[in-house]
Amino acid sequence: MNAPNNNNLLAPLIDAEELYQNAPCGYLSFLPNGTIIKVNKTLLSWLSLTNEEVVSRMKFIDLIAKGGAIYYEMIFIPSIKMHGRLNEINLDIIKKDGSALPALVNSVAIIDKTQGLLAINATIFDITERKKYERELLRAKRAAENERKQFEYLANLIPDTIWTALPNGELDFVNDRFESHFDIGKNQVVSKSILTLLYPKDRKKFLKAWISAVRSGNDLVIEVRLRNQLNTYDWHLIRSIAHRGENGDVIKWFGSCTNINDQVLALERKDEFIQIASHELKTPITSLKAYNQLLLRSEASEKSRIFLKKSASTIANMEFLISSLLDVTRMYSSPLTIHFAPASLKDIIEQSVDLVSSNYTSHKIVTELRADKLIVNADKQRLTQVMVNLISNAIKYSPGKDSVVIKVSNNEGQNRVHVDVTDFGMGIPEKEIDQIFSKFYRVSDPKIDTKVSGLGLGLYITQNILKLHDSQIMVSSKINQGTTFSFSLPTI
Ligand code: ADP
């Protein structure tokens, strides 16, 4: 037995006329001369017309806006005749009150056996909402375009070079200044990248920083050399910030390149000058030192000896300052050279205390050795420099106090030795703590009595020496209570 045919069973229940009349779209049939022969209720309700007012009384062109007649004769009927259908035509259907209903019309030809056109069936969709969205979209597009133009206008007014990049880091806009400064066409830059302008030696550094910024979405600030229109390279400060969308993802990068060549060259010249001047100063200081020692060995009176010792300590101080200056200028072009060898931290500390004590006599330097492992793999001379810096600072910045404590300890289970240098002096303001390790930085808080002289280089050099020993300098400080500088080294 055959299974019952569901289509056949349901057919009597479907009222096709009802579906036709109340469909969510309008239906309209008309003769080739346009006379309407059938229309559904949906379309009638949109038009606010009755069946009687429309059927046989109105033509299709009566329903479409001005110019409809020409369109009907010249395009509509010839297309229908030729292709048998005409789809997705945008027409304004005119309602009874004269207002327009934006509609999308699909039309199909009804033809006889000889291919003659008998009538046309049209399906009409109300696209009022779609038109509204289209208008809004257009408005938004125009507003975006306007904003883009404003941005470009501003970007071209600025005497700096400005660029934007896609989230993946590819450039997608550069301002006029960028083009003229780097002598590179917009199209060239947009399809390539800033990499083409970079000084070969700076590429790796830039790529590393840029990839890390793109991955993390963090701002980028970097100094690199970029090729200019004369085919030479200038130092530039490249800055870039991420513009993020609502979900936090980067939508765009905004960046600028500021030419800082003059400043960098001035700094280089300053460093060069310091280097030459320090070198020149070294020779007379060496002979001063020698004469001073000769005098001390001679039959000088007790009183002269006191003065000679004082001048020896001043000479030693000057020597230390000059070697700090030389270190810093050398560090600009290459890292400090370090010669690692097993060294006793106890010896280093004792030697540093001796060196400092001969210069500063007012403080008692207490060394607390609470460690059994004291041998480290280090550059003895450089580590002595670290200790001398820390101890002399502790003395310098605690005038009127009488002691400085050096504590050396091993943590249980750890193969490291910890060194703390503590004073009970003026302390460092919290907001300046991070900066004291910068080159030439000196605390400038008016509440702090900083009449002590210095170059602001000791901690910068100390931090760099310790970094080369895989160690980090730490500081804790309280105003008018004192400061402790600490570091640790692996023992061997
Ligand atoms: P300098 O002592 O020549 O100025 P440093 O680099 O050694 O240079 O120190 C930088 C600054 O940090 C000093 O100017 C001082 O303001 C501050 N500082 C360093 N050590 C101490 C300390 N023990 N107590 C208070 N301030 C200190």
# chains A, B, ... in the order shown; residues from 1 in each chain; ligands from 1
call {"tool": "residues_near_ligand", "arguments": {"ligand": "ligand 1", "cutoff": "6 Å", "atoms": "only C-alpha atoms and all ligand atoms", "output": "list of chain:residue names"}}
result
A:Asn393, A:Ala394, A:Tyr397, A:Met426, A:Gly427, A:Ile428, A:Ile436, A:Tyr441, A:Arg442, A:Val443, A:Gly454, A:Leu455, A:Gly456, A:Leu457, A:Gly458, A:Leu459, A:Tyr460, A:Thr483
call {"tool": "write_last_selection", "arguments": {"atoms": "C-alpha atoms", "output": "JSON list (two decimals), in the first residue's frame"}}
result
[["chain", "number", "residue", "atom", "x", "y", "z"],
["A", 393, "ASN", "CA", 76.25, 58.62, 48.81],
["A", 394, "ALA", "CA", 75.15, 57.25, 52.19],
["A", 397, "TYR", "CA", 73.25, 62.45, 52.01],
["A", 426, "MET", "CA", 67.60, 62.92, 54.50],
["A", 427, "GLY", "CA", 65.91, 60.17, 52.47],
["A", 428, "ILE", "CA", 64.53, 60.38, 48.93],
["A", 436, "ILE", "CA", 67.42, 58.74, 40.66],
["A", 441, "TYR", "CA", 69.46, 63.11, 37.67],
["A", 442, "ARG", "CA", 69.66, 64.79, 41.07],
["A", 443, "VAL", "CA", 66.81, 65.14, 43.57],
["A", 454, "GLY", "CA", 77.45, 65.80, 42.66],
["A", 455, "LEU", "CA", 76.98, 64.98, 38.99],
["A", 456, "GLY", "CA", 74.01, 62.64, 39.20],
["A", 457, "LEU", "CA", 75.97, 59.82, 37.60],
["A", 458, "GLY", "CA", 76.86, 57.47, 40.45],
["A", 459, "LEU", "CA", 73.58, 55.57, 40.62],
["A", 460, "TYR", "CA", 73.25, 55.45, 36.82],
["A", 483, "THR", "CA", 67.74, 55.15, 52.88]]
call {"tool": "residues_around", "arguments": {"residues": "Asp219 of chain A", "least_positions_apart": "4", "cutoff": "9 Å", "atoms": "only C-alpha atoms", "output": "list of chain:residue names"}}
result
A:Ala213, A:Val214, A:Arg239, A:Ser240, A:Ile241, A:Ala242
call {"tool": "residues_around", "arguments": {"residues": "Val221 of chain A", "least_positions_apart": "2", "cutoff": "12 Å", "atoms": "only C-alpha atoms", "output": "list in words"}}
result
Lys205, Phe206, Ala209, Trp210, Ser212, Ala213, Asn218, Asp219, Glu223, Val224, His236, Leu237, Ile238, Arg239, Ser240, Ile241, Gly255, Ser256, Cys257 and Thr258 of chain A
call {"tool": "write_last_selection", "arguments": {"atoms": "N, CA and C atoms", "output": "PDB file, in the first residue's frame"}}
result
ATOM      1  N   LYS A 205      65.873  46.717  16.080  1.00  0.00           N
ATOM      2  CA  LYS A 205      65.377  47.368  17.309  1.00  0.00           C
ATOM      3  C   LYS A 205      63.942  47.843  17.112  1.00  0.00           C
ATOM      4  N   PHE A 206      63.680  48.468  15.916  1.00  0.00           N
ATOM      5  CA  PHE A 206      62.340  48.990  15.661  1.00  0.00           C
ATOM      6  C   PHE A 206      61.330  47.849  15.542  1.00  0.00           C
ATOM      7  N   ALA A 209      60.356  46.386  18.868  1.00  0.00           N
ATOM      8  CA  ALA A 209      59.468  47.265  19.641  1.00  0.00           C
ATOM      9  C   ALA A 209      58.077  47.344  19.002  1.00  0.00           C
ATOM     10  N   TRP A 210      58.047  47.412  17.665  1.00  0.00           N
ATOM     11  CA  TRP A 210      56.762  47.554  16.961  1.00  0.00           C
ATOM     12  C   TRP A 210      55.926  46.275  17.083  1.00  0.00           C
ATOM     13  N   SER A 212      56.134  44.087  19.413  1.00  0.00           N
ATOM     14  CA  SER A 212      55.667  43.960  20.801  1.00  0.00           C
ATOM     15  C   SER A 212      54.501  44.930  21.059  1.00  0.00           C
ATOM     16  N   ALA A 213      54.556  46.141  20.469  1.00  0.00           N
ATOM     17  CA  ALA A 213      53.445  47.092  20.639  1.00  0.00           C
ATOM     18  C   ALA A 213      52.191  46.568  19.959  1.00  0.00           C
ATOM     19  N   ASN A 218      50.179  48.180  23.399  1.00  0.00           N
ATOM     20  CA  ASN A 218      50.740  49.290  24.190  1.00  0.00           C
ATOM     21  C   ASN A 218      51.292  50.389  23.285  1.00  0.00           C
ATOM     22  N   ASP A 219      51.387  51.615  23.843  1.00  0.00           N
ATOM     23  CA  ASP A 219      51.931  52.728  23.071  1.00  0.00           C
ATOM     24  C   ASP A 219      53.410  52.459  22.757  1.00  0.00           C
ATOM     25  N   GLU A 223      63.428  55.874  19.461  1.00  0.00           N
ATOM     26  CA  GLU A 223      64.283  56.770  18.667  1.00  0.00           C
ATOM     27  C   GLU A 223      65.029  55.945  17.637  1.00  0.00           C
ATOM     28  N   VAL A 224      64.834  56.279  16.360  1.00  0.00           N
ATOM     29  CA  VAL A 224      65.516  55.548  15.286  1.00  0.00           C
ATOM     30  C   VAL A 224      65.949  56.523  14.199  1.00  0.00           C
ATOM     31  N   HIS A 236      64.904  60.278  14.499  1.00  0.00           N
ATOM     32  CA  HIS A 236      63.488  60.615  14.683  1.00  0.00           C
ATOM     33  C   HIS A 236      62.963  59.961  15.957  1.00  0.00           C
ATOM     34  N   LEU A 237      62.027  60.671  16.578  1.00  0.00           N
ATOM     35  CA  LEU A 237      61.317  60.071  17.702  1.00  0.00           C
ATOM     36  C   LEU A 237      59.989  59.583  17.136  1.00  0.00           C
ATOM     37  N   ILE A 238      59.809  58.257  17.106  1.00  0.00           N
ATOM     38  CA  ILE A 238      58.541  57.712  16.590  1.00  0.00           C
ATOM     39  C   ILE A 238      57.641  57.434  17.787  1.00  0.00           C
ATOM     40  N   ARG A 239      56.442  58.017  17.702  1.00  0.00           N
ATOM     41  CA  ARG A 239      55.464  57.785  18.774  1.00  0.00           C
ATOM     42  C   ARG A 239      54.223  57.214  18.145  1.00  0.00           C
ATOM     43  N   SER A 240      53.599  56.245  18.827  1.00  0.00           N
ATOM     44  CA  SER A 240      52.384  55.673  18.266  1.00  0.00           C
ATOM     45  C   SER A 240      51.432  55.285  19.391  1.00  0.00           C
ATOM     46  N   ILE A 241      50.148  55.617  19.193  1.00  0.00           N
ATOM     47  CA  ILE A 241      49.166  55.201  20.196  1.00  0.00           C
ATOM     48  C   ILE A 241      48.062  54.415  19.502  1.00  0.00           C
ATOM     49  N   GLY A 255      50.216  57.596  14.559  1.00  0.00           N
ATOM     50  CA  GLY A 255      51.623  57.796  14.897  1.00  0.00           C
ATOM     51  C   GLY A 255      52.207  59.064  14.319  1.00  0.00           C
ATOM     52  N   SER A 256      53.362  59.435  14.864  1.00  0.00           N
ATOM     53  CA  SER A 256      54.066  60.608  14.341  1.00  0.00           C
ATOM     54  C   SER A 256      55.557  60.327  14.368  1.00  0.00           C
ATOM     55  N   CYS A 257      56.286  61.000  13.498  1.00  0.00           N
ATOM     56  CA  CYS A 257      57.750  60.906  13.500  1.00  0.00           C
ATOM     57  C   CYS A 257      58.271  62.330  13.665  1.00  0.00           C
ATOM     58  N   THR A 258      58.939  62.606  14.781  1.00  0.00           N
ATOM     59  CA  THR A 258      59.476  63.956  15.010  1.00  0.00           C
ATOM     60  C   THR A 258      60.974  63.934  14.780  1.00  0.00           C
TER      61      THR A 258
END
call {"tool": "select_by_dssp", "arguments": {"residues": "segment 315-387 of chain A", "states": "alpha helix (DSSP H)", "output": "compact mmCIF listing (two decimals) with C-alpha atoms, in the first residue's frame"}}
result
# COMPACT_ATOMS: atom_id res chain seq x y z
CA ILE A 315 92.44 64.64 44.27
CA ALA A 316 91.00 61.13 44.76
CA ASN A 317 87.51 62.59 44.68
CA MET A 318 88.23 64.46 41.46
CA GLU A 319 89.70 61.29 39.95
CA PHE A 320 86.54 59.38 40.84
CA LEU A 321 84.31 62.06 39.29
CA ILE A 322 86.35 62.16 36.10
CA SER A 323 86.30 58.38 35.72
CA SER A 324 82.48 58.47 36.24
CA LEU A 325 82.19 61.03 33.46
CA LEU A 326 84.36 58.93 31.18
CA ASP A 327 82.35 55.79 31.97
CA VAL A 328 79.09 57.52 31.10
CA THR A 329 80.29 58.94 27.81
CA ARG A 330 81.73 55.56 26.85
CA MET A 331 78.48 53.81 27.82
CA TYR A 332 76.69 55.93 25.23
CA SER A 333 78.38 54.10 22.36
CA LEU A 345 82.87 40.36 48.55
CA LYS A 346 84.49 40.82 51.97
CA ASP A 347 87.69 42.14 50.29
CA ILE A 348 85.70 44.37 47.96
CA ILE A 349 83.78 45.89 50.86
CA GLU A 350 86.90 46.40 52.97
CA GLN A 351 88.72 48.07 50.10
CA SER A 352 85.71 50.32 49.35
CA VAL A 353 85.39 51.33 53.02
CA ASP A 354 89.12 52.20 53.06
CA LEU A 355 88.79 54.27 49.91
CA VAL A 356 85.76 56.16 51.20
CA SER A 357 87.15 56.58 54.75
CA SER A 358 90.21 58.35 53.42
CA ASN A 359 87.88 60.96 51.86
CA LYS A 380 86.28 43.32 41.28
CA GLN A 381 87.11 46.83 40.17
CA ARG A 382 83.58 47.56 38.98
CA LEU A 383 81.98 46.10 42.10
CA THR A 384 84.31 48.26 44.21
CA GLN A 385 83.03 51.22 42.16
CA VAL A 386 79.43 50.19 43.05
CA MET A 387 80.25 49.96 46.76
call {"tool": "select_by_dssp", "arguments": {"residues": "segment 376-474 of chain A", "states": "strand (DSSP E or B)", "output": "PyMOL selection string"}}
result
chain A and resi 376-378+403-410+416-423+474
call {"tool": "atom_distance", "arguments": {"atom1": "atom CA of Trp253 of chain A", "atom2": "atom CA of Ser180 of chain A"}}
result
21.4 Å
call {"tool": "decode", "arguments": {"residues": "segment 64-78 of chain A", "atoms": "all heavy atoms", "output": "short mmCIF file (atom, residue, chain, number, x, y, z; two decimals), in the first residue's frame"}}
result
data_model
loop_
_atom_site.label_atom_id
_atom_site.label_comp_id
_atom_site.auth_asym_id
_atom_site.auth_seq_id
_atom_site.Cartn_x
_atom_site.Cartn_y
_atom_site.Cartn_z
N ILE A 64 2.56 54.77 -10.43
CA ILE A 64 3.99 55.09 -10.21
C ILE A 64 4.25 56.58 -10.39
O ILE A 64 3.49 57.29 -11.03
CB ILE A 64 4.94 54.21 -11.08
CG1 ILE A 64 4.60 54.32 -12.56
CG2 ILE A 64 4.92 52.78 -10.63
CD1 ILE A 64 5.47 53.46 -13.45
N ALA A 65 5.33 57.01 -9.76
CA ALA A 65 5.61 58.45 -9.67
C ALA A 65 5.83 59.08 -11.04
O ALA A 65 5.91 58.39 -12.05
CB ALA A 65 6.85 58.66 -8.80
N LYS A 66 5.95 60.41 -11.03
CA LYS A 66 6.16 61.21 -12.24
C LYS A 66 7.26 60.61 -13.10
O LYS A 66 8.26 60.11 -12.60
CB LYS A 66 6.61 62.62 -11.81
CG LYS A 66 5.73 63.70 -12.31
CD LYS A 66 6.28 64.98 -11.76
CE LYS A 66 5.75 66.18 -12.49
NZ LYS A 66 6.39 67.36 -11.95
N GLY A 67 7.09 60.65 -14.36
CA GLY A 67 8.10 60.07 -15.24
C GLY A 67 7.85 58.59 -15.45
O GLY A 67 8.52 57.94 -16.25
N GLY A 68 6.88 58.06 -14.72
CA GLY A 68 6.58 56.63 -14.78
C GLY A 68 6.17 56.21 -16.18
O GLY A 68 6.55 55.13 -16.65
N ALA A 69 5.37 57.08 -16.86
CA ALA A 69 4.85 56.72 -18.18
C ALA A 69 6.00 56.49 -19.15
O ALA A 69 6.01 55.49 -19.88
CB ALA A 69 3.94 57.84 -18.67
N ILE A 70 6.97 57.41 -19.13
CA ILE A 70 8.10 57.27 -20.06
C ILE A 70 8.87 56.00 -19.74
O ILE A 70 9.22 55.20 -20.60
CB ILE A 70 9.02 58.51 -19.97
CG1 ILE A 70 8.21 59.75 -20.35
CG2 ILE A 70 10.25 58.35 -20.84
CD1 ILE A 70 8.90 61.06 -20.06
N TYR A 71 9.08 55.82 -18.40
CA TYR A 71 9.83 54.62 -17.97
C TYR A 71 9.10 53.35 -18.44
O TYR A 71 9.71 52.41 -18.94
CB TYR A 71 9.95 54.65 -16.43
CG TYR A 71 10.46 53.35 -15.85
CD1 TYR A 71 11.81 53.02 -15.93
CD2 TYR A 71 9.58 52.45 -15.26
CE1 TYR A 71 12.25 51.82 -15.44
CE2 TYR A 71 10.03 51.25 -14.77
CZ TYR A 71 11.37 50.93 -14.84
OH TYR A 71 11.83 49.74 -14.36
N TYR A 72 7.75 53.37 -18.29
CA TYR A 72 6.93 52.20 -18.63
C TYR A 72 7.08 51.87 -20.12
O TYR A 72 7.32 50.71 -20.49
CB TYR A 72 5.47 52.52 -18.30
CG TYR A 72 4.54 51.35 -18.49
CD1 TYR A 72 4.52 50.30 -17.60
CD2 TYR A 72 3.69 51.31 -19.60
CE1 TYR A 72 3.67 49.23 -17.78
CE2 TYR A 72 2.84 50.24 -19.80
CZ TYR A 72 2.84 49.20 -18.88
OH TYR A 72 2.00 48.13 -19.07
N GLU A 73 6.96 52.89 -20.96
CA GLU A 73 7.01 52.68 -22.42
C GLU A 73 8.42 52.33 -22.90
O GLU A 73 8.60 51.44 -23.72
CB GLU A 73 6.56 53.96 -23.15
CG GLU A 73 5.09 54.32 -22.97
CD GLU A 73 4.16 53.27 -23.57
OE1 GLU A 73 4.59 52.49 -24.43
OE2 GLU A 73 2.99 53.23 -23.11
N MET A 74 9.39 53.08 -22.37
CA MET A 74 10.74 52.97 -22.93
C MET A 74 11.56 51.80 -22.36
O MET A 74 12.38 51.25 -23.05
CB MET A 74 11.55 54.27 -22.66
CG MET A 74 10.88 55.54 -23.11
SD MET A 74 10.84 55.69 -24.90
CE MET A 74 12.55 55.92 -25.27
N ILE A 75 11.30 51.49 -21.11
CA ILE A 75 12.15 50.47 -20.48
C ILE A 75 11.37 49.24 -20.05
O ILE A 75 11.70 48.12 -20.40
CB ILE A 75 12.94 51.07 -19.29
CG1 ILE A 75 13.82 52.21 -19.82
CG2 ILE A 75 13.78 50.02 -18.57
CD1 ILE A 75 14.43 53.08 -18.77
N PHE A 76 10.30 49.53 -19.28
CA PHE A 76 9.59 48.42 -18.64
C PHE A 76 9.07 47.40 -19.66
O PHE A 76 9.46 46.23 -19.65
CB PHE A 76 8.45 48.99 -17.78
CG PHE A 76 7.81 47.97 -16.89
CD1 PHE A 76 8.33 47.68 -15.65
CD2 PHE A 76 6.67 47.29 -17.31
CE1 PHE A 76 7.73 46.72 -14.85
CE2 PHE A 76 6.08 46.34 -16.51
CZ PHE A 76 6.61 46.06 -15.26
N ILE A 77 8.18 47.85 -20.56
CA ILE A 77 7.55 46.92 -21.51
C ILE A 77 8.58 46.26 -22.45
O ILE A 77 8.59 45.03 -22.59
CB ILE A 77 6.41 47.63 -22.29
CG1 ILE A 77 5.22 47.86 -21.35
CG2 ILE A 77 5.97 46.85 -23.52
CD1 ILE A 77 4.55 46.58 -20.84
N PRO A 78 9.54 47.05 -23.03
CA PRO A 78 10.53 46.37 -23.89
C PRO A 78 11.33 45.30 -23.14
O PRO A 78 11.56 44.22 -23.67
CB PRO A 78 11.46 47.51 -24.34
CG PRO A 78 10.65 48.75 -24.20
CD PRO A 78 9.70 48.53 -23.09
#
